[in-house]
Amino acid sequence: MARRKSIEIESFRHANPIPNASRIGNLVMSGVILGRDPETGEYPPSLAEQAALVFRFMRETVEAAGGTTDDILKVNFYLKDASDRAALNALWTEMFPDPDARPARHSQPDVSGRDGVFVQCDFTAVID
């Protein structure tokens with residue numbers, strides 16, 4: 001049996017042969033998560049809509065790995081406009097309401113160069 005396990009979800013898949021996340025032991029690391037609409041395959045026209053999908057896919061991915069959002073330790077966000085964080089912060093405090101128990105977070109300008117992408121992320125989780 002392989003030591004490493006690929007984690008996949010139905011609602012978001014990579015075009016390349018890359019899993020959504022990978023787990024070894026209790027450590028889970030995701031690949032990039034984009035806010036692509038699972039029905040149309042298109043990117044919604046606003047940061048708020050894309051961010052809502054990113055948070056949904058982050059939750060679904062950590063759950064597929066056997067954990068919950070309480071197991072997320074660190075999230076990296078890549079934003080087209082790093083100064084535009086209002087929608088991101090609203091979803092962040094909704095998913096992680098306890099200010100004394102939030103994951104570490106880093107946001108930086110988007111380096112992907114993908115047209116129409118306003119936000120993407122990756123995360124690390126530790127699942128007991």
# chains A, B, ... in the order shown; residues from 1 in each chain; ligands from 1
>>> residues_around(residues="stretch 40-49 of chain A", least_positions_apart="3", cutoff="6 Å", atoms="only C-alpha atoms", output="CSV table (one decimal) with N, CA and C atoms, in the first residue's frame")
chain,number,residue,atom,x,y,z
A,36,ARG,N,-13.2,28.0,-9.8
A,36,ARG,CA,-13.9,27.7,-11.1
A,36,ARG,C,-15.2,27.1,-10.9
A,37,ASP,N,-16.3,27.6,-11.5
A,37,ASP,CA,-17.6,27.0,-11.4
A,37,ASP,C,-17.7,25.6,-11.8
A,52,ALA,N,-15.9,32.4,-2.7
A,52,ALA,CA,-16.9,31.5,-2.1
A,52,ALA,C,-16.7,30.0,-2.6
A,87,ALA,N,-14.0,40.6,0.7
A,87,ALA,CA,-14.8,39.4,0.5
A,87,ALA,C,-14.0,38.2,1.1
A,118,PHE,N,-9.3,35.7,-9.9
A,118,PHE,CA,-9.1,36.7,-8.9
A,118,PHE,C,-8.5,36.2,-7.6
>>> closest_atom_pairs(of="stretch 77-96 of chain A", to="stretch 106-109 of chain A", cutoff="12 Å", atoms="only C-alpha atoms", output="tab-separated table")
residue	atom	partner	partner_atom	distance
A:Phe77	CA	A:Ser107	CA	4.5
A:Tyr78	CA	A:Gln108	CA	5.1
A:Leu79	CA	A:Pro109	CA	4.9
A:Lys80	CA	A:Pro109	CA	5.7
A:Asp81	CA	A:Pro109	CA	6.2
A:Ala82	CA	A:Pro109	CA	5.1
A:Ser83	CA	A:Pro109	CA	8.7
A:Asp84	CA	A:Pro109	CA	10.3
A:Arg85	CA	A:Ser107	CA	9.0
A:Leu88	CA	A:Ser107	CA	10.0
A:Asn89	CA	A:Ser107	CA	10.9
>>> select_by_dssp(residues="stretch 42-124 of chain A", states="helix (DSSP H, G or I)", output="ChimeraX atom specification")
/A:47-64,69-71,86-95
>>> write_last_selection(atoms="N, CA and C atoms", output="short mmCIF file (atom, residue, chain, number, x, y, z; two decimals), in the first residue's frame")
data_model
loop_
_atom_site.label_atom_id
_atom_site.label_comp_id
_atom_site.auth_asym_id
_atom_site.auth_seq_id
_atom_site.Cartn_x
_atom_site.Cartn_y
_atom_site.Cartn_z
N LEU A 47 -14.49 38.63 -7.44
CA LEU A 47 -13.67 38.03 -6.39
C LEU A 47 -14.55 37.32 -5.37
N ALA A 48 -15.67 37.93 -4.97
CA ALA A 48 -16.55 37.33 -3.96
C ALA A 48 -17.07 35.97 -4.41
N GLU A 49 -17.50 35.86 -5.66
CA GLU A 49 -18.02 34.58 -6.17
C GLU A 49 -16.92 33.53 -6.26
N GLN A 50 -15.75 33.91 -6.74
CA GLN A 50 -14.64 32.98 -6.83
C GLN A 50 -14.18 32.55 -5.44
N ALA A 51 -14.09 33.50 -4.51
CA ALA A 51 -13.66 33.19 -3.15
C ALA A 51 -14.63 32.21 -2.48
N ALA A 52 -15.93 32.38 -2.70
CA ALA A 52 -16.91 31.46 -2.12
C ALA A 52 -16.66 30.04 -2.61
N LEU A 53 -16.33 29.89 -3.89
CA LEU A 53 -16.02 28.57 -4.43
C LEU A 53 -14.72 28.03 -3.86
N VAL A 54 -13.71 28.87 -3.74
CA VAL A 54 -12.42 28.46 -3.18
C VAL A 54 -12.63 27.92 -1.76
N PHE A 55 -13.39 28.64 -0.94
CA PHE A 55 -13.64 28.18 0.43
C PHE A 55 -14.44 26.88 0.43
N ARG A 56 -15.41 26.75 -0.46
CA ARG A 56 -16.19 25.51 -0.57
C ARG A 56 -15.28 24.34 -0.92
N PHE A 57 -14.40 24.53 -1.91
CA PHE A 57 -13.51 23.44 -2.34
C PHE A 57 -12.47 23.12 -1.28
N MET A 58 -12.03 24.13 -0.53
CA MET A 58 -11.09 23.89 0.56
C MET A 58 -11.75 22.99 1.61
N ARG A 59 -13.01 23.32 1.97
CA ARG A 59 -13.75 22.51 2.94
C ARG A 59 -13.94 21.08 2.42
N GLU A 60 -14.39 20.95 1.18
CA GLU A 60 -14.64 19.62 0.62
C GLU A 60 -13.35 18.80 0.54
N THR A 61 -12.25 19.44 0.24
CA THR A 61 -10.97 18.73 0.13
C THR A 61 -10.50 18.22 1.49
N VAL A 62 -10.52 19.07 2.51
CA VAL A 62 -10.08 18.61 3.82
C VAL A 62 -11.02 17.53 4.36
N GLU A 63 -12.31 17.63 4.06
CA GLU A 63 -13.24 16.59 4.48
C GLU A 63 -12.99 15.28 3.74
N ALA A 64 -12.66 15.35 2.46
CA ALA A 64 -12.33 14.15 1.69
C ALA A 64 -11.07 13.47 2.22
N THR A 69 -12.45 21.60 8.76
CA THR A 69 -11.74 22.87 8.66
C THR A 69 -10.99 23.19 9.95
N ASP A 70 -11.35 22.57 11.06
CA ASP A 70 -10.60 22.76 12.32
C ASP A 70 -9.19 22.19 12.23
N ASP A 71 -8.95 21.32 11.26
CA ASP A 71 -7.63 20.70 11.09
C ASP A 71 -6.70 21.51 10.18
N ALA A 86 -11.74 42.32 1.31
CA ALA A 86 -13.00 42.37 2.06
C ALA A 86 -13.80 41.08 1.91
N ALA A 87 -14.00 40.60 0.68
CA ALA A 87 -14.77 39.37 0.46
C ALA A 87 -14.05 38.18 1.07
N LEU A 88 -12.74 38.15 0.90
CA LEU A 88 -11.93 37.07 1.46
C LEU A 88 -12.04 37.05 2.98
N ASN A 89 -11.92 38.21 3.61
CA ASN A 89 -11.99 38.29 5.07
C ASN A 89 -13.37 37.90 5.60
N ALA A 90 -14.43 38.24 4.89
CA ALA A 90 -15.78 37.85 5.32
C ALA A 90 -15.93 36.34 5.33
N LEU A 91 -15.46 35.68 4.29
CA LEU A 91 -15.54 34.22 4.23
C LEU A 91 -14.60 33.58 5.24
N TRP A 92 -13.44 34.19 5.45
CA TRP A 92 -12.46 33.69 6.41
C TRP A 92 -13.05 33.65 7.82
N THR A 93 -13.68 34.75 8.23
CA THR A 93 -14.24 34.78 9.59
C THR A 93 -15.49 33.91 9.71
N GLU A 94 -16.16 33.66 8.60
CA GLU A 94 -17.29 32.72 8.62
C GLU A 94 -16.80 31.29 8.82
N MET A 95 -15.76 30.90 8.08
CA MET A 95 -15.23 29.53 8.19
C MET A 95 -14.46 29.33 9.49
#
>>> closest_residue(among="A:Pro103, A:Gly67, A:Ala21, A:Leu27", to="A:Asp122", atoms="only C-alpha atoms")
A:Ala21
>>> closest_residue(among="A:Ala65, A:Ala15, A:Val75, A:Arg102", to="A:Gln120", atoms="only C-alpha atoms")
A:Val75
>>> closest_residue(among="A:Gly25, A:Val117, A:Asp98, A:Gly66", to="A:Ile7", atoms="only C-alpha atoms")
A:Gly66
>>> select_by_dssp(residues="chain A", states="strand (DSSP E)", output="number ranges by chain")
A: 4-7, 21-24, 27-30, 33-34, 72-79, 104-109, 119-126
>>> closest_residue(among="A:Thr68, A:Ser6, A:Asn76, A:Thr124", to="A:Asn20", atoms="only C-alpha atoms")
A:Ser6
>>> decode(residues="stretch 62-77 of chain A", atoms="all heavy atoms", output="compact mmCIF listing (two decimals), in the first residue's frame")
# COMPACT_ATOMS: atom_id res chain seq x y z
N VAL A 62 -10.52 19.07 2.51
CA VAL A 62 -10.08 18.61 3.82
C VAL A 62 -11.02 17.53 4.36
O VAL A 62 -10.58 16.57 5.01
CB VAL A 62 -9.90 19.79 4.82
CG1 VAL A 62 -11.21 20.34 5.32
CG2 VAL A 62 -8.99 19.38 5.97
N GLU A 63 -12.31 17.63 4.06
CA GLU A 63 -13.24 16.59 4.48
C GLU A 63 -12.99 15.28 3.74
O GLU A 63 -13.07 14.20 4.33
CB GLU A 63 -14.69 17.06 4.31
CG GLU A 63 -15.08 18.13 5.32
CD GLU A 63 -16.46 18.73 5.10
OE1 GLU A 63 -17.11 18.44 4.06
OE2 GLU A 63 -16.89 19.52 5.98
N ALA A 64 -12.66 15.35 2.46
CA ALA A 64 -12.33 14.15 1.69
C ALA A 64 -11.07 13.47 2.22
O ALA A 64 -10.90 12.25 2.09
CB ALA A 64 -12.17 14.48 0.21
N ALA A 65 -10.21 14.25 2.86
CA ALA A 65 -8.99 13.71 3.45
C ALA A 65 -9.26 13.12 4.84
O ALA A 65 -8.35 12.56 5.45
CB ALA A 65 -7.93 14.80 3.55
N GLY A 66 -10.48 13.26 5.33
CA GLY A 66 -10.84 12.70 6.62
C GLY A 66 -10.83 13.70 7.76
O GLY A 66 -10.94 13.31 8.93
N GLY A 67 -10.73 14.98 7.44
CA GLY A 67 -10.67 16.00 8.48
C GLY A 67 -11.82 16.99 8.40
O GLY A 67 -12.82 16.76 7.72
N THR A 68 -11.63 18.10 9.08
CA THR A 68 -12.57 19.21 9.06
C THR A 68 -11.76 20.49 8.90
O THR A 68 -10.52 20.48 8.97
CB THR A 68 -13.39 19.30 10.36
OG1 THR A 68 -12.53 19.74 11.42
CG2 THR A 68 -14.04 17.97 10.72
N THR A 69 -12.45 21.60 8.76
CA THR A 69 -11.74 22.87 8.66
C THR A 69 -10.99 23.19 9.95
O THR A 69 -10.04 23.98 9.93
CB THR A 69 -12.69 24.02 8.29
OG1 THR A 69 -13.74 24.08 9.25
CG2 THR A 69 -13.26 23.81 6.90
N ASP A 70 -11.35 22.57 11.06
CA ASP A 70 -10.60 22.76 12.32
C ASP A 70 -9.19 22.19 12.23
O ASP A 70 -8.34 22.53 13.05
CB ASP A 70 -11.33 22.11 13.49
CG ASP A 70 -12.60 22.85 13.88
OD1 ASP A 70 -12.73 24.05 13.54
OD2 ASP A 70 -13.46 22.23 14.53
N ASP A 71 -8.95 21.32 11.26
CA ASP A 71 -7.63 20.70 11.09
C ASP A 71 -6.70 21.51 10.18
O ASP A 71 -5.53 21.17 10.03
CB ASP A 71 -7.79 19.29 10.50
CG ASP A 71 -8.57 18.38 11.43
OD1 ASP A 71 -8.26 18.35 12.63
OD2 ASP A 71 -9.50 17.71 10.94
N ILE A 72 -7.22 22.58 9.57
CA ILE A 72 -6.40 23.39 8.67
C ILE A 72 -5.45 24.25 9.51
O ILE A 72 -5.87 24.99 10.39
CB ILE A 72 -7.28 24.25 7.75
CG1 ILE A 72 -8.10 23.34 6.82
CG2 ILE A 72 -6.42 25.22 6.94
CD1 ILE A 72 -9.12 24.08 5.97
N LEU A 73 -4.17 24.13 9.20
CA LEU A 73 -3.13 24.82 9.95
C LEU A 73 -2.66 26.11 9.29
O LEU A 73 -2.38 27.10 9.96
CB LEU A 73 -1.94 23.86 10.12
CG LEU A 73 -0.74 24.36 10.91
CD1 LEU A 73 -1.12 24.62 12.36
CD2 LEU A 73 0.37 23.33 10.83
N LYS A 74 -2.59 26.11 7.95
CA LYS A 74 -2.06 27.26 7.22
C LYS A 74 -2.74 27.34 5.87
O LYS A 74 -2.97 26.33 5.21
CB LYS A 74 -0.55 27.10 7.01
CG LYS A 74 0.12 28.09 6.06
CD LYS A 74 0.56 29.35 6.77
CE LYS A 74 1.09 30.43 5.88
NZ LYS A 74 2.43 30.34 5.43
N VAL A 75 -3.07 28.56 5.44
CA VAL A 75 -3.66 28.81 4.12
C VAL A 75 -2.86 29.93 3.46
O VAL A 75 -2.59 30.96 4.07
CB VAL A 75 -5.15 29.22 4.22
CG1 VAL A 75 -5.73 29.41 2.83
CG2 VAL A 75 -5.96 28.21 5.02
N ASN A 76 -2.49 29.70 2.22
CA ASN A 76 -1.86 30.72 1.39
C ASN A 76 -2.86 31.15 0.33
O ASN A 76 -3.39 30.30 -0.39
CB ASN A 76 -0.62 30.17 0.69
CG ASN A 76 0.46 29.79 1.66
OD1 ASN A 76 0.89 30.60 2.46
ND2 ASN A 76 0.88 28.54 1.61
N PHE A 77 -3.11 32.44 0.25
CA PHE A 77 -3.99 32.99 -0.78
C PHE A 77 -3.16 33.78 -1.77
O PHE A 77 -2.21 34.48 -1.39
CB PHE A 77 -5.06 33.91 -0.17
CG PHE A 77 -6.13 33.18 0.56
CD1 PHE A 77 -6.11 33.09 1.93
CD2 PHE A 77 -7.18 32.58 -0.13
CE1 PHE A 77 -7.11 32.41 2.62
CE2 PHE A 77 -8.17 31.89 0.53
CZ PHE A 77 -8.13 31.81 1.92
